[in-house]
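Reproduced below: model-v9.cif, with mmCIF, C-alpha atoms.
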data_entry
loop_
_atom_site.label_atom_id
_atom_site.label_comp_id
_atom_site.auth_asym_id
_atom_site.auth_seq_id
_atom_site.Cartn_x
_atom_site.Cartn_y
_atom_site.Cartn_z
CA MET H 397 75.72 169.32 187.68
CA THR H 398 72.59 168.68 185.69
CA ALA H 399 71.22 165.21 185.05
CA PRO H 400 71.77 163.92 181.52
CA SER H 401 68.81 163.98 179.20
CA LEU H 402 67.27 160.78 177.91
CA ARG H 403 68.96 161.15 174.53
CA GLU H 404 72.39 161.50 176.19
CA LEU H 405 72.24 158.27 178.20
CA PRO H 406 74.70 155.65 176.85
CA LEU H 407 72.23 152.79 177.36
CA ARG H 408 68.74 153.34 176.05
CA VAL H 409 65.80 150.99 175.91
CA LEU H 410 64.59 152.57 172.67
CA PRO H 411 66.70 153.48 169.64
CA ARG H 412 67.09 157.16 168.90
CA PRO H 413 64.46 157.40 166.09
CA LEU H 414 61.77 156.05 168.40
CA LEU H 415 62.48 158.74 170.98
CA ARG H 416 61.09 161.37 168.65
CA THR H 417 57.54 162.56 168.97
CA ARG H 418 55.29 159.99 167.34
CA ARG H 419 52.68 161.11 164.91
CA PRO H 420 49.09 160.20 165.81
CA ALA H 421 47.95 157.37 163.58
CA LEU H 422 45.49 154.53 163.60
CA GLY H 423 47.63 151.44 163.87
CA GLY H 424 51.17 150.69 162.79
CA ARG H 425 53.86 148.08 163.15
CA GLY H 426 52.83 147.51 166.75
CA SER H 427 49.59 145.92 165.53
CA ALA H 428 51.52 143.11 163.86
CA HIS H 429 53.50 142.51 167.06
CA LEU H 430 50.27 142.28 169.04
CA ILE H 431 48.83 139.75 166.60
CA GLU H 432 52.03 137.73 166.82
CA ARG H 433 51.80 137.76 170.60
CA HIS H 434 48.25 136.38 170.54
CA ALA H 435 49.25 133.69 168.04
CA ARG H 436 52.05 132.56 170.35
CA VAL H 437 49.70 132.46 173.33
CA TYR H 438 47.14 130.36 171.47
CA ARG H 439 49.76 127.73 170.71
CA HIS H 440 49.13 126.60 174.29
CA ALA H 441 45.35 127.05 174.10
CA TRP H 442 44.71 125.73 170.61
CA LEU H 443 41.74 123.65 171.78
CA VAL H 444 39.84 126.84 172.66
CA LEU H 445 40.58 128.20 169.20
CA VAL H 446 39.56 125.02 167.37
CA SER H 447 36.36 124.44 169.36
CA GLY H 448 34.59 127.30 167.58
CA ILE H 449 34.79 125.40 164.29
CA PHE H 450 32.34 122.75 165.48
CA GLU H 451 29.41 125.00 166.46
CA PRO H 452 28.28 125.90 162.91
CA LEU H 453 29.03 122.34 161.80
CA PHE H 454 26.65 120.89 164.39
CA TYR H 455 23.94 123.37 163.37
CA LEU H 456 24.39 122.44 159.72
CA LEU H 457 24.21 118.70 160.33
CA SER H 458 21.31 118.83 162.78
CA ILE H 459 19.13 121.55 161.25
CA GLY H 460 20.34 122.06 157.71
CA VAL H 461 20.73 118.38 156.84
CA GLY H 462 18.60 116.63 159.48
CA ILE H 463 15.51 118.85 159.57
CA GLY H 464 16.17 119.79 155.95
CA HIS H 465 14.86 116.38 154.85
CA LEU H 466 11.51 117.35 156.35
CA VAL H 467 11.49 120.94 155.09
CA GLY H 468 12.38 120.32 151.46
CA GLY H 469 13.05 123.34 149.27
CA VAL H 470 12.79 126.98 150.32
CA ALA H 471 12.82 130.25 148.40
CA GLY H 472 16.35 131.61 148.15
CA PRO H 473 17.63 134.91 146.71
CA GLY H 474 15.70 136.02 143.67
CA GLY H 475 12.86 133.61 144.46
CA HIS H 476 14.77 130.53 143.28
CA VAL H 477 13.91 127.37 145.20
CA VAL H 478 16.97 125.70 146.75
CA GLY H 479 17.53 122.82 149.13
CA TYR H 480 17.23 123.71 152.80
CA ALA H 481 20.85 122.78 153.58
CA SER H 482 22.03 125.01 150.73
CA PHE H 483 19.88 127.82 152.13
CA VAL H 484 21.16 127.50 155.70
CA ALA H 485 24.87 126.86 155.04
CA PRO H 486 25.84 130.39 153.80
CA ALA H 487 24.08 131.94 156.80
CA LEU H 488 25.99 129.67 159.18
CA LEU H 489 29.21 130.66 157.41
CA ALA H 490 28.44 134.33 158.08
CA THR H 491 27.53 133.51 161.68
CA ALA H 492 30.79 131.62 162.21
CA ALA H 493 32.78 134.64 161.03
CA MET H 494 30.77 136.97 163.30
CA ASN H 495 30.95 134.79 166.42
CA GLY H 496 34.66 134.05 166.09
CA ALA H 497 35.45 137.75 165.81
CA ILE H 498 33.07 138.93 168.53
CA TYR H 499 34.15 136.43 171.18
CA ASP H 500 37.78 137.47 170.93
CA SER H 501 37.14 141.21 170.68
CA THR H 502 34.81 141.34 173.70
CA PHE H 503 35.47 138.91 176.55
CA ASN H 504 39.23 138.60 175.95
CA VAL H 505 39.69 142.32 175.41
CA PHE H 506 37.79 143.11 178.60
CA PHE H 507 39.98 140.75 180.63
CA ARG H 508 43.18 142.26 179.24
CA LEU H 509 41.87 145.77 179.83
CA LYS H 510 40.42 145.46 183.33
CA TYR H 511 42.30 142.62 185.01
CA ALA H 512 45.52 141.65 183.22
CA LYS H 513 46.47 145.33 182.67
CA PHE H 514 47.98 144.14 179.42
CA TYR H 515 47.35 147.34 177.49
CA GLU H 516 49.00 149.51 180.13
CA ALA H 517 52.15 147.44 179.67
CA ALA H 518 51.82 147.68 175.89
CA LEU H 519 51.65 151.48 176.02
CA ALA H 520 54.96 151.50 177.90
CA THR H 521 56.47 150.43 174.58
CA PRO H 522 56.34 152.41 171.32
CA MET H 523 52.81 151.04 170.75
CA ARG H 524 49.94 153.52 170.60
CA PRO H 525 46.22 153.10 171.30
CA GLY H 526 45.62 152.81 167.57
CA ASP H 527 48.09 149.92 167.39
CA ILE H 528 46.25 148.13 170.19
CA ALA H 529 42.83 148.60 168.62
CA LEU H 530 43.96 147.51 165.15
CA GLY H 531 45.96 144.59 166.54
CA GLU H 532 43.08 143.25 168.62
CA ILE H 533 40.62 143.63 165.75
CA GLY H 534 43.13 142.03 163.39
CA TRP H 535 43.54 138.99 165.61
CA ALA H 536 39.77 138.66 166.08
CA LEU H 537 39.38 138.88 162.31
CA ILE H 538 41.95 136.09 161.86
CA ARG H 539 40.08 133.89 164.33
CA GLY H 540 36.77 134.45 162.57
CA GLY H 541 38.48 133.84 159.24
CA LEU H 542 39.82 130.47 160.42
CA TYR H 543 36.31 129.39 161.34
CA ALA H 544 35.02 130.54 157.97
CA VAL H 545 37.72 128.69 156.02
CA ALA H 546 37.07 125.46 157.93
CA PHE H 547 33.31 125.71 157.42
CA MET H 548 33.76 126.56 153.75
CA ALA H 549 35.68 123.31 153.36
CA VAL H 550 32.72 121.46 154.88
CA MET H 551 30.32 123.15 152.45
CA LEU H 552 32.47 122.11 149.51
CA ALA H 553 32.66 118.55 150.79
CA LEU H 554 28.86 118.37 151.12
CA GLY H 555 28.23 119.92 147.71
CA LEU H 556 26.51 123.01 149.11
CA VAL H 557 28.37 125.50 146.89
CA HIS H 558 26.48 126.24 143.67
CA SER H 559 28.37 129.10 142.07
CA ALA H 560 31.89 130.15 141.13
CA TRP H 561 31.17 133.42 142.97
CA ALA H 562 31.61 131.42 146.17
CA VAL H 563 35.37 131.99 145.89
CA LEU H 564 34.57 135.40 147.41
CA ASP H 565 32.98 133.86 150.51
CA VAL H 566 36.21 133.85 152.52
CA PRO H 567 37.03 137.54 151.79
CA VAL H 568 33.44 138.37 152.69
CA ALA H 569 33.85 136.39 155.92
CA LEU H 570 36.87 138.56 156.73
CA LEU H 571 34.79 141.66 156.06
CA ILE H 572 32.07 140.36 158.39
CA GLY H 573 34.73 139.59 160.99
CA PHE H 574 36.18 143.08 160.64
CA GLY H 575 32.85 144.77 161.20
CA SER H 576 31.91 142.47 164.08
CA ALA H 577 35.28 142.69 165.82
CA ALA H 578 35.46 146.48 165.54
CA ALA H 579 31.92 146.95 166.84
CA GLY H 580 32.51 144.40 169.60
CA MET H 581 35.71 146.03 170.81
CA ALA H 582 34.17 149.48 170.70
CA ALA H 583 31.26 148.23 172.83
CA THR H 584 33.66 146.49 175.24
CA THR H 585 35.38 149.76 176.09
CA PHE H 586 32.08 150.91 177.64
CA MET H 587 31.62 147.76 179.76
CA ARG H 588 31.97 148.18 183.52
CA SER H 589 31.70 144.55 184.69
CA TRP H 590 31.17 141.03 183.38
CA GLN H 591 27.42 141.43 183.87
CA ASP H 592 27.38 144.05 181.13
CA PHE H 593 28.23 141.35 178.60
CA GLU H 594 24.63 140.22 178.78
CA PHE H 595 24.02 143.05 176.32
CA ILE H 596 26.40 141.35 173.88
CA THR H 597 24.40 138.12 174.13
CA LEU H 598 21.18 140.10 173.89
CA ALA H 599 22.37 141.49 170.56
CA THR H 600 24.06 138.46 168.98
CA LEU H 601 21.60 135.69 169.86
CA PRO H 602 18.47 137.31 168.34
CA MET H 603 20.53 138.26 165.28
CA PHE H 604 21.61 134.65 164.87
CA LEU H 605 18.06 133.33 165.15
CA LEU H 606 16.17 136.01 163.22
CA SER H 607 18.50 137.35 160.51
CA ALA H 608 17.05 135.03 157.84
CA THR H 609 19.42 132.33 159.06
CA PHE H 610 16.95 129.45 159.11
CA TYR H 611 14.00 130.78 157.11
CA PRO H 612 13.40 133.42 154.43
CA LEU H 613 12.90 137.05 155.32
CA SER H 614 9.49 136.94 153.64
CA VAL H 615 7.94 135.06 156.60
CA TYR H 616 8.03 138.28 158.67
CA PRO H 617 5.53 141.16 158.51
CA ARG H 618 6.96 144.11 156.61
CA PRO H 619 7.76 146.23 159.73
CA ILE H 620 9.80 143.34 161.17
CA GLN H 621 11.53 142.85 157.83
CA ILE H 622 12.75 146.45 157.94
CA VAL H 623 14.23 145.92 161.42
CA VAL H 624 15.96 142.70 160.34
CA GLU H 625 17.35 144.33 157.21
CA CYS H 626 19.08 146.93 159.40
CA THR H 627 21.02 144.35 161.44
CA PRO H 628 24.71 143.66 160.69
CA LEU H 629 24.39 139.89 160.50
CA TYR H 630 21.62 140.09 157.91
CA GLN H 631 24.00 142.04 155.67
CA GLY H 632 26.52 139.23 155.90
CA VAL H 633 23.91 136.50 155.44
CA ALA H 634 22.43 138.15 152.34
CA LEU H 635 25.88 138.71 150.88
CA MET H 636 27.06 135.13 151.56
CA ARG H 637 23.83 133.59 150.28
CA GLY H 638 23.89 135.59 147.07
CA LEU H 639 27.49 134.64 146.29
CA THR H 640 27.12 130.98 147.23
CA LEU H 641 23.92 130.47 145.23
CA GLY H 642 25.04 132.59 142.28
CA VAL H 643 22.48 135.38 142.65
CA VAL H 644 24.82 138.33 142.21
CA GLY H 645 23.89 141.91 141.43
CA PRO H 646 24.71 145.55 142.25
CA GLY H 647 22.50 145.34 145.34
CA LEU H 648 25.16 143.26 147.10
CA LEU H 649 27.46 146.29 147.13
CA TRP H 650 25.17 147.88 149.71
CA HIS H 651 25.92 145.02 152.10
CA VAL H 652 29.65 145.43 151.49
CA ALA H 653 29.49 149.17 152.18
CA TYR H 654 27.44 148.63 155.37
CA LEU H 655 29.96 146.16 156.85
CA ALA H 656 32.99 148.21 155.82
CA LEU H 657 31.61 151.42 157.32
CA MET H 658 30.65 149.61 160.53
CA GLY H 659 34.17 148.25 160.82
CA LEU H 660 35.85 151.59 160.22
CA ALA H 661 33.56 153.37 162.67
CA GLY H 662 34.12 150.71 165.32
CA LEU H 663 37.88 150.86 164.83
CA ARG H 664 37.88 154.62 165.28
CA VAL H 665 35.72 154.48 168.41
CA ALA H 666 37.73 151.62 169.93
CA SER H 667 41.03 153.42 169.31
CA GLY H 668 39.80 156.65 170.88
CA ARG H 669 38.21 154.92 173.87
CA ILE H 670 41.30 152.80 174.57
CA GLY H 671 43.42 155.95 174.54
CA ARG H 672 41.12 157.78 176.93
CA LEU H 673 40.83 154.83 179.33
CA LEU H 674 44.57 154.17 179.54
CA LEU H 675 46.02 157.64 179.24
CA GLN H 676 43.60 159.59 181.45
#

So, in terms of structure tokens, how does the structure I just supplied come out?
Amino acid sequence: MTAPSLRELPLRVLPRPLLRTRRPALGGRGSAHLIERHARVYRHAWLVLVSGIFEPLFYLLSIGVGIGHLVGGVAGPGGHVVGYASFVAPALLATAAMNGAIYDSTFNVFFRLKYAKFYEAALATPMRPGDIALGEIGWALIRGGLYAVAFMAVMLALGLVHSAWAVLDVPVALLIGFGSAAAGMAATTFMRSWQDFEFITLATLPMFLLSATFYPLSVYPRPIQIVVECTPLYQGVALMRGLTLGVVGPGLLWHVAYLALMGLAGLRVASGRIGRLLLQ
């Protein structure tokens, strides 16, 4: 007597349609379930989630407003002189979106991958590596977006928004978060231990300090300017600053394309690496 096949068993864990061969795809309904899972977990760790809102706020109040009284006006996009707080605030908004996305797509992903074995359990369900990658990046994007929305409210309250184009700041923050989260998760799949995360700090901290966050790009020698202009955070800072201060032109589309392509490339690499690490 032969053993019954999986489709002939009276009690099945999965419904019949899900027992069919699944087409390879980058993400699906499983991504939404993964995001929902993270949202439920953070209901009990909401203080960790909220704490990231205060970092850019402290920088704005201490440097943008405090030191800004000593600095006076600085040259903004297009050579227009603006107040120092108005110059710094859009850059801090871009930084908040980047940091919120990177923290969740690196340290937390590494813990779930190497120690919690969370993704191995997820792949025992109908979820695929693409679902995991898109879900993790989606949640990191949401976290970065929350920080951006909160900081945008602060900018409005302090009168640091000078253009109607600033309504696009939050979508741009999501784009920055997408690029940062995808690149961060892709890099995390190559990490071997916690010590390797020093490379993440080595990349993000200089970008934060040198990507025209606190002073104009023109203060650098031209060779250094070229290096800075190639960094991801500078793309977000230039885009945010142009929209917030009302200096809008076709050149901003280059920054949008850069961040979108970085996000798509990171998503593809992260999906492939997760699949190889868990299914080898």

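Take CA of Leu537 (chain H) and CA of Ala569 (chain H): the distance between them is 8.8 Å.
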
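For the choices H:Val478, H:Val437, H:Leu430, H:Ala492, the atom-to-atom distance to Arg539 (chain H) is smallest for H:Ala492 when using all atoms listed in the file.
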
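The residue that comes closest to Met494 (chain H), out of H:Leu556, H:Met581, H:Leu629, H:Met551 and on the basis of all atoms listed in the file, is H:Leu629.
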
task: Taking the file as shown, find all residues satisfying the PyMOL selection byres ((chain H and resi 536) around 10) and write them as an NGL selection string.
output: :H and (431 or 434 or 493-502 or 504 or 530-535 or 537-542 or 570 or 573-574 or 576-578 or 580-581)

- request: Between CA of Arg669 (chain H) and CA of Pro525 (chain H), measure the distance and give it in Å to one decimal.
  value: 8.6 Å

message: Evaluate the PyMOL selection byres ((chain H and resi 655) around 8) against this structure - the residues, as a ChimeraX atom specification, please.
response: /H:571-572,574-575,628,631-632,651-654,656-659

Save the residues we just selected, C-alpha atoms, as a CSV table (one decimal), in the frame of the given file?
chain,number,residue,atom,x,y,z
H,571,LEU,CA,34.8,141.7,156.1
H,572,ILE,CA,32.1,140.4,158.4
H,574,PHE,CA,36.2,143.1,160.6
H,575,GLY,CA,32.8,144.8,161.2
H,628,PRO,CA,24.7,143.7,160.7
H,631,GLN,CA,24.0,142.0,155.7
H,632,GLY,CA,26.5,139.2,155.9
H,651,HIS,CA,25.9,145.0,152.1
H,652,VAL,CA,29.6,145.4,151.5
H,653,ALA,CA,29.5,149.2,152.2
H,654,TYR,CA,27.4,148.6,155.4
H,656,ALA,CA,33.0,148.2,155.8
H,657,LEU,CA,31.6,151.4,157.3
H,658,MET,CA,30.6,149.6,160.5
H,659,GLY,CA,34.2,148.2,160.8

Test item: the PyMOL selection byres ((chain H and resi 637) around 9) resolved as a PDB file with C-alpha atoms, in the coordinates of the input:
ATOM      1  CA  GLY H 472      16.350 131.610 148.150  1.00  0.00           C
ATOM      2  CA  PRO H 473      17.630 134.910 146.710  1.00  0.00           C
ATOM      3  CA  SER H 482      22.030 125.010 150.730  1.00  0.00           C
ATOM      4  CA  PHE H 483      19.880 127.820 152.130  1.00  0.00           C
ATOM      5  CA  VAL H 484      21.160 127.500 155.700  1.00  0.00           C
ATOM      6  CA  ALA H 485      24.870 126.860 155.040  1.00  0.00           C
ATOM      7  CA  PRO H 486      25.840 130.390 153.800  1.00  0.00           C
ATOM      8  CA  ALA H 487      24.080 131.940 156.800  1.00  0.00           C
ATOM      9  CA  GLY H 632      26.520 139.230 155.900  1.00  0.00           C
ATOM     10  CA  VAL H 633      23.910 136.500 155.440  1.00  0.00           C
ATOM     11  CA  ALA H 634      22.430 138.150 152.340  1.00  0.00           C
ATOM     12  CA  LEU H 635      25.880 138.710 150.880  1.00  0.00           C
ATOM     13  CA  MET H 636      27.060 135.130 151.560  1.00  0.00           C
ATOM     14  CA  GLY H 638      23.890 135.590 147.070  1.00  0.00           C
ATOM     15  CA  LEU H 639      27.490 134.640 146.290  1.00  0.00           C
ATOM     16  CA  THR H 640      27.120 130.980 147.230  1.00  0.00           C
ATOM     17  CA  LEU H 641      23.920 130.470 145.230  1.00  0.00           C
ATOM     18  CA  GLY H 642      25.040 132.590 142.280  1.00  0.00           C
ATOM     19  CA  VAL H 643      22.480 135.380 142.650  1.00  0.00           C
TER      20      VAL H 643
END
